[in-house]
file final.cif (mmCIF, C-alpha atoms)
data_model
loop_
_atom_site.group_PDB
_atom_site.id
_atom_site.type_symbol
_atom_site.label_atom_id
_atom_site.label_comp_id
_atom_site.auth_asym_id
_atom_site.auth_seq_id
_atom_site.Cartn_x
_atom_site.Cartn_y
_atom_site.Cartn_z
ATOM 1 C CA MET V 1 -55.828 -45.892 30.682
ATOM 2 C CA LYS V 2 -52.455 -44.385 31.453
ATOM 3 C CA PRO V 3 -49.614 -45.694 29.297
ATOM 4 C CA GLY V 4 -46.063 -44.437 28.896
ATOM 5 C CA LEU V 5 -44.692 -42.448 25.991
ATOM 6 C CA GLU V 6 -42.361 -44.344 23.668
ATOM 7 C CA GLN V 7 -39.808 -42.284 21.778
ATOM 8 C CA ILE V 8 -39.509 -43.592 18.215
ATOM 9 C CA LYS V 9 -35.994 -43.282 16.807
ATOM 10 C CA LYS V 10 -35.321 -42.621 13.166
ATOM 11 C CA ASN V 11 -33.447 -45.379 11.404
ATOM 12 C CA GLU V 12 -30.005 -44.886 9.921
ATOM 13 C CA ALA V 13 -31.403 -44.062 6.483
ATOM 14 C CA ASN V 14 -33.424 -41.230 8.045
ATOM 15 C CA SER V 15 -36.474 -42.571 6.274
ATOM 16 C CA SER V 16 -39.978 -41.261 6.883
ATOM 17 C CA LEU V 17 -40.949 -44.942 7.201
ATOM 18 C CA ILE V 18 -39.463 -46.715 10.207
ATOM 19 C CA GLN V 19 -39.396 -50.507 10.259
ATOM 20 C CA LEU V 20 -38.807 -52.973 13.089
ATOM 21 C CA VAL V 21 -38.322 -56.684 12.493
ATOM 22 C CA LEU V 22 -38.719 -58.384 15.858
ATOM 23 C CA GLU V 23 -37.670 -61.897 16.869
ATOM 24 C CA LEU V 24 -37.924 -62.367 20.637
ATOM 25 C CA PRO V 25 -38.488 -65.162 23.156
ATOM 26 C CA GLU V 26 -41.756 -63.370 23.975
ATOM 27 C CA PHE V 27 -43.477 -60.015 23.584
ATOM 28 C CA GLU V 28 -43.127 -58.591 27.072
ATOM 29 C CA PRO V 29 -45.777 -56.318 28.607
ATOM 30 C CA ASN V 30 -45.093 -52.748 27.497
ATOM 31 C CA TRP V 31 -48.195 -50.557 27.644
ATOM 32 C CA HIS V 32 -47.207 -47.427 25.717
ATOM 33 C CA PHE V 33 -48.137 -44.908 23.061
ATOM 34 C CA HIS V 34 -46.333 -42.713 20.508
ATOM 35 C CA PRO V 35 -47.338 -39.997 18.031
ATOM 36 C CA GLU V 36 -46.504 -42.199 15.038
ATOM 37 C CA PHE V 37 -49.019 -44.447 13.299
ATOM 38 C CA GLU V 38 -48.102 -48.123 13.483
ATOM 39 C CA LEU V 39 -48.874 -51.130 11.256
ATOM 40 C CA THR V 40 -48.012 -54.439 12.969
ATOM 41 C CA PHE V 41 -48.105 -57.960 11.556
ATOM 42 C CA ILE V 42 -47.552 -60.935 13.872
ATOM 43 C CA ILE V 43 -45.545 -63.624 12.079
ATOM 44 C CA SER V 44 -45.562 -66.014 15.041
ATOM 45 C CA GLY V 45 -46.641 -65.914 18.669
ATOM 46 C CA SER V 46 -49.903 -65.644 20.564
ATOM 47 C CA GLY V 47 -51.269 -64.015 23.678
ATOM 48 C CA LYS V 48 -53.246 -60.934 24.632
ATOM 49 C CA ARG V 49 -53.464 -57.759 22.546
ATOM 50 C CA ILE V 50 -54.630 -54.592 24.320
ATOM 51 C CA VAL V 51 -55.461 -51.515 22.240
ATOM 52 C CA GLY V 52 -57.126 -48.659 24.064
ATOM 53 C CA ASP V 53 -60.001 -50.290 25.952
ATOM 54 C CA SER V 54 -60.018 -53.349 23.653
ATOM 55 C CA VAL V 55 -58.652 -56.623 25.080
ATOM 56 C CA GLU V 56 -58.461 -59.579 22.663
ATOM 57 C CA PRO V 57 -56.358 -62.669 22.022
ATOM 58 C CA PHE V 58 -53.878 -62.478 19.156
ATOM 59 C CA HIS V 59 -52.303 -65.204 17.050
ATOM 60 C CA GLU V 60 -50.126 -65.650 13.992
ATOM 61 C CA GLY V 61 -51.475 -63.481 11.176
ATOM 62 C CA ASP V 62 -52.670 -60.647 13.428
ATOM 63 C CA LEU V 63 -52.616 -57.392 11.400
ATOM 64 C CA VAL V 64 -53.421 -54.116 13.171
ATOM 65 C CA LEU V 65 -53.144 -50.457 12.211
ATOM 66 C CA LEU V 66 -52.861 -48.042 15.145
ATOM 67 C CA GLY V 67 -53.470 -44.314 15.126
ATOM 68 C CA SER V 68 -51.360 -41.608 16.685
ATOM 69 C CA ASP V 69 -51.088 -41.699 20.512
ATOM 70 C CA LEU V 70 -53.281 -44.805 20.824
ATOM 71 C CA PRO V 71 -52.067 -46.895 23.820
ATOM 72 C CA HIS V 72 -51.272 -50.523 23.005
ATOM 73 C CA THR V 73 -49.356 -53.655 23.915
ATOM 74 C CA TRP V 74 -49.001 -57.215 22.660
ATOM 75 C CA ASN V 75 -48.447 -59.462 25.704
ATOM 76 C CA SER V 76 -47.402 -62.911 24.541
ATOM 77 C CA GLU V 77 -47.580 -66.133 26.482
ATOM 78 C CA ASN V 78 -44.393 -67.597 27.860
ATOM 79 C CA ASN V 79 -43.018 -69.634 24.958
ATOM 80 C CA LYS V 80 -41.043 -72.173 26.981
ATOM 81 C CA ILE V 81 -43.452 -74.940 25.972
ATOM 82 C CA THR V 82 -43.012 -74.616 22.218
ATOM 83 C CA ASN V 83 -39.596 -72.881 22.271
ATOM 84 C CA GLU V 84 -40.730 -70.945 19.202
ATOM 85 C CA PRO V 85 -39.700 -67.281 19.014
ATOM 86 C CA CYS V 86 -42.252 -64.509 18.762
ATOM 87 C CA LYS V 87 -41.818 -62.683 15.459
ATOM 88 C CA ALA V 88 -43.370 -59.511 14.109
ATOM 89 C CA VAL V 89 -42.760 -56.892 11.459
ATOM 90 C CA VAL V 90 -43.694 -53.342 12.452
ATOM 91 C CA PHE V 91 -43.849 -50.168 10.365
ATOM 92 C CA GLN V 92 -44.147 -46.781 12.073
ATOM 93 C CA PHE V 93 -44.772 -43.502 10.291
ATOM 94 C CA SER V 94 -46.041 -39.994 10.904
ATOM 95 C CA HIS V 95 -48.720 -38.154 8.942
ATOM 96 C CA LYS V 96 -45.826 -36.362 7.196
ATOM 97 C CA MET V 97 -45.083 -39.563 5.286
ATOM 98 C CA LEU V 98 -47.920 -38.459 3.010
ATOM 99 C CA PRO V 99 -47.236 -35.077 1.403
ATOM 100 C CA GLU V 100 -49.757 -32.335 2.118
ATOM 101 C CA LEU V 101 -50.669 -32.123 -1.545
ATOM 102 C CA ILE V 102 -52.629 -35.392 -1.237
ATOM 103 C CA ASN V 103 -55.543 -33.251 -0.094
ATOM 104 C CA ASP V 104 -55.802 -32.048 -3.684
ATOM 105 C CA PHE V 105 -56.078 -35.563 -5.128
ATOM 106 C CA PRO V 106 -59.248 -37.687 -4.798
ATOM 107 C CA GLU V 107 -57.097 -40.790 -5.326
ATOM 108 C CA PHE V 108 -55.915 -40.340 -1.723
ATOM 109 C CA ASP V 109 -59.400 -40.186 -0.206
ATOM 110 C CA GLY V 110 -59.074 -43.791 0.963
ATOM 111 C CA PHE V 111 -55.789 -42.964 2.702
ATOM 112 C CA ARG V 112 -57.316 -40.100 4.616
ATOM 113 C CA HIS V 113 -60.308 -42.169 5.716
ATOM 114 C CA LEU V 114 -58.085 -45.064 6.813
ATOM 115 C CA LEU V 115 -55.857 -42.848 8.940
ATOM 116 C CA ASN V 116 -58.854 -41.032 10.412
ATOM 117 C CA ILE V 117 -60.475 -44.215 11.753
ATOM 118 C CA ALA V 118 -57.103 -45.631 12.881
ATOM 119 C CA HIS V 119 -57.443 -43.581 16.091
ATOM 120 C CA GLN V 120 -59.562 -46.515 17.337
ATOM 121 C CA GLY V 121 -57.167 -49.164 16.036
ATOM 122 C CA ILE V 122 -58.110 -51.365 13.073
ATOM 123 C CA SER V 123 -57.844 -55.153 13.045
ATOM 124 C CA PHE V 124 -57.851 -56.582 9.510
ATOM 125 C CA GLN V 125 -59.295 -60.030 9.010
ATOM 126 C CA GLY V 126 -59.236 -62.982 6.651
ATOM 127 C CA LYS V 127 -57.116 -63.751 3.626
ATOM 128 C CA GLN V 128 -56.170 -60.126 2.982
ATOM 129 C CA ALA V 129 -54.519 -59.816 6.395
ATOM 130 C CA MET V 130 -52.153 -62.700 5.653
ATOM 131 C CA GLU V 131 -51.462 -61.464 2.109
ATOM 132 C CA THR V 132 -50.697 -57.984 3.426
ATOM 133 C CA GLY V 133 -48.450 -59.440 6.114
ATOM 134 C CA ASN V 134 -46.428 -61.305 3.494
ATOM 135 C CA LYS V 135 -46.053 -58.059 1.532
ATOM 136 C CA LEU V 136 -44.792 -56.309 4.662
ATOM 137 C CA ILE V 137 -42.206 -59.037 5.248
ATOM 138 C CA LYS V 138 -40.901 -58.601 1.698
ATOM 139 C CA LEU V 139 -41.051 -54.823 2.022
ATOM 140 C CA SER V 140 -38.768 -54.951 5.080
ATOM 141 C CA LYS V 141 -35.951 -56.044 2.757
ATOM 142 C CA SER V 142 -36.239 -53.061 0.392
ATOM 143 C CA ASN V 143 -35.370 -49.405 0.911
ATOM 144 C CA GLY V 144 -35.633 -45.880 -0.432
ATOM 145 C CA LEU V 145 -38.408 -44.686 -2.691
ATOM 146 C CA GLU V 146 -39.269 -48.259 -3.683
ATOM 147 C CA LYS V 147 -40.128 -49.077 -0.065
ATOM 148 C CA LEU V 148 -42.148 -45.906 0.423
ATOM 149 C CA THR V 149 -44.233 -46.256 -2.748
ATOM 150 C CA HIS V 150 -44.945 -49.940 -2.106
ATOM 151 C CA PHE V 151 -46.012 -49.072 1.437
ATOM 152 C CA TRP V 152 -48.413 -46.480 0.028
ATOM 153 C CA LEU V 153 -49.897 -49.175 -2.192
ATOM 154 C CA ILE V 154 -50.321 -51.463 0.826
ATOM 155 C CA LEU V 155 -52.184 -48.725 2.710
ATOM 156 C CA ASP V 156 -54.298 -48.086 -0.378
ATOM 157 C CA ASP V 157 -55.274 -51.768 -0.505
ATOM 158 C CA LEU V 158 -56.170 -51.720 3.181
ATOM 159 C CA SER V 159 -58.272 -48.582 2.702
ATOM 160 C CA LYS V 160 -60.453 -50.544 0.270
ATOM 161 C CA SER V 161 -60.923 -53.498 2.609
ATOM 162 C CA THR V 162 -64.331 -54.222 4.103
ATOM 163 C CA ASN V 163 -63.072 -57.098 6.252
ATOM 164 C CA TYR V 164 -61.939 -55.237 9.352
ATOM 165 C CA ARG V 165 -63.013 -54.327 12.892
ATOM 166 C CA LEU V 166 -62.427 -51.187 14.927
ATOM 167 C CA LEU V 167 -60.868 -52.055 18.284
ATOM 168 C CA ALA V 168 -61.149 -49.263 20.865
ATOM 169 C CA SER V 169 -64.632 -47.931 21.550
ATOM 170 C CA GLY V 170 -65.616 -44.741 19.767
ATOM 171 C CA ASP V 171 -65.692 -42.676 22.962
ATOM 172 C CA TYR V 172 -62.365 -43.990 24.286
ATOM 173 C CA ILE V 173 -60.052 -41.189 25.407
ATOM 174 C CA PRO V 174 -56.620 -42.213 26.757
ATOM 175 C CA THR V 175 -55.386 -40.672 29.983
ATOM 176 C CA LEU V 176 -51.623 -40.603 29.740
ATOM 177 C CA ASN V 177 -49.616 -41.092 32.933
ATOM 178 C CA LYS V 178 -46.191 -42.748 33.307
ATOM 179 C CA TYR V 179 -46.809 -43.957 36.855
ATOM 180 C CA ASN V 180 -49.929 -45.930 35.967
ATOM 181 C CA VAL V 181 -48.328 -47.603 32.962
ATOM 182 C CA GLU V 182 -45.519 -48.817 35.208
ATOM 183 C CA ARG V 183 -48.077 -50.295 37.601
ATOM 184 C CA ILE V 184 -50.111 -52.134 34.954
ATOM 185 C CA ASN V 185 -46.957 -53.518 33.327
ATOM 186 C CA ILE V 186 -45.870 -54.884 36.726
ATOM 187 C CA VAL V 187 -49.214 -56.727 36.959
ATOM 188 C CA PHE V 188 -49.001 -58.080 33.399
ATOM 189 C CA THR V 189 -45.475 -59.348 34.019
ATOM 190 C CA TYR V 190 -46.401 -60.917 37.352
ATOM 191 C CA VAL V 191 -49.300 -62.835 35.780
ATOM 192 C CA SER V 192 -47.156 -64.065 32.884
ATOM 193 C CA ILE V 193 -44.665 -65.544 35.357
ATOM 194 C CA HIS V 194 -46.960 -66.791 38.153
ATOM 195 C CA PHE V 195 -50.167 -67.761 36.289
ATOM 196 C CA ALA V 196 -49.856 -71.420 37.386
ATOM 197 C CA GLU V 197 -49.813 -70.434 41.060
ATOM 198 C CA ASN V 198 -52.592 -69.266 43.322
ATOM 199 C CA ILE V 199 -52.764 -65.486 42.873
ATOM 200 C CA PRO V 200 -54.895 -63.804 45.543
ATOM 201 C CA LEU V 201 -56.270 -60.396 44.639
ATOM 202 C CA LYS V 202 -54.523 -58.952 47.696
ATOM 203 C CA LYS V 203 -51.163 -60.152 46.350
ATOM 204 C CA VAL V 204 -51.375 -58.255 43.054
ATOM 205 C CA ALA V 205 -52.835 -55.207 44.802
ATOM 206 C CA ASP V 206 -49.901 -55.231 47.228
ATOM 207 C CA ILE V 207 -47.221 -55.412 44.538
ATOM 208 C CA VAL V 208 -48.511 -52.149 43.028
ATOM 209 C CA HIS V 209 -49.126 -50.610 46.473
ATOM 210 C CA MET V 210 -52.896 -50.277 46.174
ATOM 211 C CA THR V 211 -55.876 -51.348 48.224
ATOM 212 C CA GLN V 212 -57.908 -54.193 46.732
ATOM 213 C CA THR V 213 -60.829 -51.868 46.002
ATOM 214 C CA SER V 214 -58.625 -49.292 44.277
ATOM 215 C CA PHE V 215 -56.786 -51.980 42.343
ATOM 216 C CA CYS V 216 -60.026 -53.538 41.049
ATOM 217 C CA ARG V 217 -61.237 -50.145 39.843
ATOM 218 C CA PHE V 218 -57.829 -49.363 38.301
ATOM 219 C CA PHE V 219 -57.507 -52.704 36.492
ATOM 220 C CA LYS V 220 -61.052 -52.588 35.116
ATOM 221 C CA LEU V 221 -60.515 -49.063 33.827
ATOM 222 C CA ILE V 222 -57.345 -50.037 31.978
ATOM 223 C CA THR V 223 -58.188 -53.453 30.555
ATOM 224 C CA GLY V 224 -61.969 -53.356 30.328
ATOM 225 C CA GLU V 225 -62.248 -56.573 32.338
ATOM 226 C CA THR V 226 -61.833 -57.586 35.951
ATOM 227 C CA PHE V 227 -58.546 -59.020 37.171
ATOM 228 C CA THR V 228 -60.210 -62.431 37.643
ATOM 229 C CA GLU V 229 -61.482 -62.377 34.057
ATOM 230 C CA TYR V 230 -58.045 -61.401 32.775
ATOM 231 C CA LEU V 231 -56.342 -64.137 34.810
ATOM 232 C CA ASN V 232 -58.821 -66.837 33.698
ATOM 233 C CA ASN V 233 -58.471 -65.792 30.052
ATOM 234 C CA PHE V 234 -54.696 -65.904 30.357
ATOM 235 C CA ARG V 235 -54.806 -69.366 31.912
ATOM 236 C CA ILE V 236 -57.166 -70.727 29.251
ATOM 237 C CA SER V 237 -54.872 -69.363 26.580
ATOM 238 C CA ARG V 238 -51.928 -71.146 28.204
ATOM 239 C CA ALA V 239 -53.972 -74.349 28.446
ATOM 240 C CA CYS V 240 -54.606 -74.224 24.693
ATOM 241 C CA VAL V 241 -50.861 -74.122 24.061
ATOM 242 C CA MET V 242 -50.303 -77.121 26.350
ATOM 243 C CA LEU V 243 -53.139 -79.116 24.781
ATOM 244 C CA THR V 244 -51.679 -78.742 21.303
ATOM 245 C CA ALA V 245 -47.943 -78.752 22.037
ATOM 246 C CA GLN V 246 -47.853 -81.480 24.712
ATOM 247 C CA GLN V 247 -50.058 -84.284 23.463
ATOM 248 C CA ASP V 248 -48.860 -86.706 26.137
ATOM 249 C CA LYS V 249 -50.057 -84.469 28.987
ATOM 250 C CA ASN V 250 -53.502 -85.474 30.296
ATOM 251 C CA ILE V 251 -56.313 -82.961 30.713
ATOM 252 C CA LEU V 252 -56.100 -82.893 34.501
ATOM 253 C CA GLN V 253 -52.395 -82.064 34.379
ATOM 254 C CA VAL V 254 -53.037 -79.337 31.799
ATOM 255 C CA ALA V 255 -55.644 -77.829 34.126
ATOM 256 C CA PHE V 256 -53.234 -77.865 37.054
ATOM 257 C CA ASP V 257 -50.250 -76.542 35.080
ATOM 258 C CA SER V 258 -52.288 -73.650 33.703
ATOM 259 C CA GLY V 259 -53.360 -72.567 37.179
ATOM 260 C CA PHE V 260 -56.735 -74.247 37.749
ATOM 261 C CA ARG V 261 -57.106 -76.247 40.953
ATOM 262 C CA SER V 262 -60.464 -77.800 40.011
ATOM 263 C CA SER V 263 -61.044 -79.860 36.869
ATOM 264 C CA THR V 264 -64.722 -78.923 36.997
ATOM 265 C CA HIS V 265 -63.891 -75.218 37.039
ATOM 266 C CA PHE V 266 -61.336 -75.693 34.268
ATOM 267 C CA ASN V 267 -63.769 -77.558 32.018
ATOM 268 C CA ARG V 268 -66.504 -75.009 32.623
ATOM 269 C CA MET V 269 -64.243 -72.033 31.939
ATOM 270 C CA PHE V 270 -62.727 -73.686 28.874
ATOM 271 C CA PHE V 271 -66.148 -74.378 27.354
ATOM 272 C CA THR V 272 -67.259 -70.807 28.082
ATOM 273 C CA LYS V 273 -64.228 -69.322 26.339
ATOM 274 C CA LYS V 274 -63.699 -71.828 23.513
ATOM 275 C CA GLY V 275 -67.117 -73.371 22.944
ATOM 276 C CA CYS V 276 -65.820 -76.923 23.349
ATOM 277 C CA SER V 277 -64.232 -79.175 25.962
ATOM 278 C CA PRO V 278 -60.424 -79.333 26.399
ATOM 279 C CA SER V 279 -60.367 -82.849 24.912
ATOM 280 C CA GLY V 280 -62.519 -81.668 22.007
ATOM 281 C CA PHE V 281 -60.145 -78.771 21.397
ATOM 282 C CA ARG V 282 -57.182 -81.169 21.300
ATOM 283 C CA THR V 283 -59.016 -83.510 18.909
ATOM 284 C CA GLN V 284 -59.915 -80.656 16.571
ATOM 285 C CA HIS V 285 -56.285 -79.557 16.496
ATOM 286 C CA MET V 286 -55.063 -83.076 15.704
ATOM 287 C CA LEU V 287 -57.592 -83.370 12.868
ATOM 288 C CA MET V 288 -56.382 -80.085 11.389
ATOM 289 C CA ILE V 289 -52.775 -81.303 11.556
ATOM 290 C CA SER V 290 -53.670 -84.604 9.874
ATOM 291 C CA ARG V 291 -55.399 -82.765 7.014
ATOM 292 C CA ASP V 292 -52.269 -80.735 6.406
#

call {"tool": "encode", "arguments": {"input": "final.cif", "output": "structure tokens"}}
result
Amino acid sequence: MKPGLEQIKKNEANSSLIQLVLELPEFEPNWHFHPEFELTFIISGSGKRIVGDSVEPFHEGDLVLLGSDLPHTWNSENNKITNEPCKAVVFQFSHKMLPELINDFPEFDGFRHLLNIAHQGISFQGKQAMETGNKLIKLSKSNGLEKLTHFWLILDDLSKSTNYRLLASGDYIPTLNKYNVERINIVFTYVSIHFAENIPLKKVADIVHMTQTSFCRFFKLITGETFTEYLNNFRISRACVMLTAQQDKNILQVAFDSGFRSSTHFNRMFFTKKGCSPSGFRTQHMLMISRD
């Protein structure tokens, strides 16, 4: 995988802890890496999260810790259907945020272990992820030593968690190249705009100036899945948004608007990815809303 280097700028307070509070129409494809660690909490938005060779859907409540120089991107779906902004709070820090003397204190053993395994990316699950996210939102409003010490406590809590998954495979080694990151971001952007249209493999190969064979090998190497798998997953994800946000739209129209030209293919793919039919998915969502 060959992402681009992102230069992290110090904030005005010249703090060792850099925070970003994002509110955007969508998280645009930006496959990149940086030497800083990064803790990201998704407040709202959904789409595809790619960390190293891990490709997974993300939703509200997504909490991920990334190690130094680990390539990543959050590619959200086009939010024109719901008109809801994509929001996230992000904290970036270097290993220097923790003084070297922590090596002399066993109380920091959890810290060291957490940062060591973060080179694969860590996705935290369950109730703790949401509780930690709420702490990060509050923390974004503080500053100085109070912010730093509370952030340490958050990392300490996460180091004790057992409800997490490592994302990138253990033998994943990023290959860093600016040209290839530009190419994959062009593909991600093209799919996010044209997913409802017919997208021949030759078309996407042409826009990045590659043969179809080379493109297939390139895309599989970067994302861990074929272009067809990526496109179908993206379309199913978009269909889920339509099914829940546009209740008056029938299933056939949802299939067509999300890029499927056959209702049979749509139903089969939807069941494979979601374990239920499109109508069943919509019913389940309505039942959840009624309970609330």

call {"tool": "residues_near_point", "arguments": {"input": "final.cif", "point": "(-59.1, -83.1, 33.7)", "cutoff": "8 Å", "atoms": "all atoms listed in the file", "output": "MDAnalysis selection string"}}
result
chainID V and resid 250:255 263:264 266:267

call {"tool": "residues_near_point", "arguments": {"input": "final.cif", "point": "(-63.5, -78.9, 27.4)", "cutoff": "9 Å", "atoms": "all atoms listed in the file", "output": "number ranges by chain"}}
result
V: 251, 266-272, 274-281

call {"tool": "closest_residue", "arguments": {"input": "final.cif", "among": "V:Gly47, V:Ile236, V:Gly61, V:Met286", "to": "V:His265", "atoms": "all atoms listed in the file"}}
result
V:Ile236

call {"tool": "residues_around", "arguments": {"input": "final.cif", "residues": "V:Asn232", "least_positions_apart": "5", "cutoff": "9 Å", "atoms": "all atoms listed in the file", "output": "list in words"}}
result
Phe227, Ser237, Gly259, Phe260 and Met269 of chain V

call {"tool": "closest_atom_pairs", "arguments": {"input": "final.cif", "of": "stretch 30-128 of chain V", "to": "stretch 146-164 of chain V", "cutoff": "7 Å", "atoms": "only C-alpha atoms", "output": "Markdown table"}}
result
| residue | atom | partner | partner_atom | distance |
| --- | --- | --- | --- | --- |
| V:Gly110 | CA | V:Ser159 | CA | 5.2 |
| V:Phe111 | CA | V:Ser159 | CA | 6.1 |
| V:Leu114 | CA | V:Ser159 | CA | 5.4 |
| V:Ile122 | CA | V:Tyr164 | CA | 6.6 |
| V:Ser123 | CA | V:Tyr164 | CA | 5.5 |
| V:Phe124 | CA | V:Tyr164 | CA | 4.3 |
| V:Gln125 | CA | V:Tyr164 | CA | 5.5 |

call {"tool": "write_last_selection", "arguments": {"input": "final.cif", "atoms": "C-alpha atoms", "output": "short mmCIF file (atom, residue, chain, number, x, y, z; two decimals), in the coordinates of the input"}}
result
data_model
loop_
_atom_site.label_atom_id
_atom_site.label_comp_id
_atom_site.auth_asym_id
_atom_site.auth_seq_id
_atom_site.Cartn_x
_atom_site.Cartn_y
_atom_site.Cartn_z
CA GLY V 110 -59.07 -43.79 0.96
CA PHE V 111 -55.79 -42.96 2.70
CA LEU V 114 -58.08 -45.06 6.81
CA ILE V 122 -58.11 -51.36 13.07
CA SER V 123 -57.84 -55.15 13.04
CA PHE V 124 -57.85 -56.58 9.51
CA GLN V 125 -59.30 -60.03 9.01
#

call {"tool": "residues_around", "arguments": {"input": "final.cif", "residues": "V:Ile199", "least_positions_apart": "3", "cutoff": "10 Å", "atoms": "all atoms listed in the file", "output": "list in words"}}
result
Tyr190, Val191, His194, Phe195, Ala196, Lys202, Lys203, Val204, Thr228, Leu231 and Gly259 of chain V

call {"tool": "resolve_selection", "arguments": {"input": "final.cif", "expression": "the PyMOL selection byres ((chain V and resi 25) around 6)", "output": "PyMOL selection string"}}
result
chain V and resi 24+26+85-86
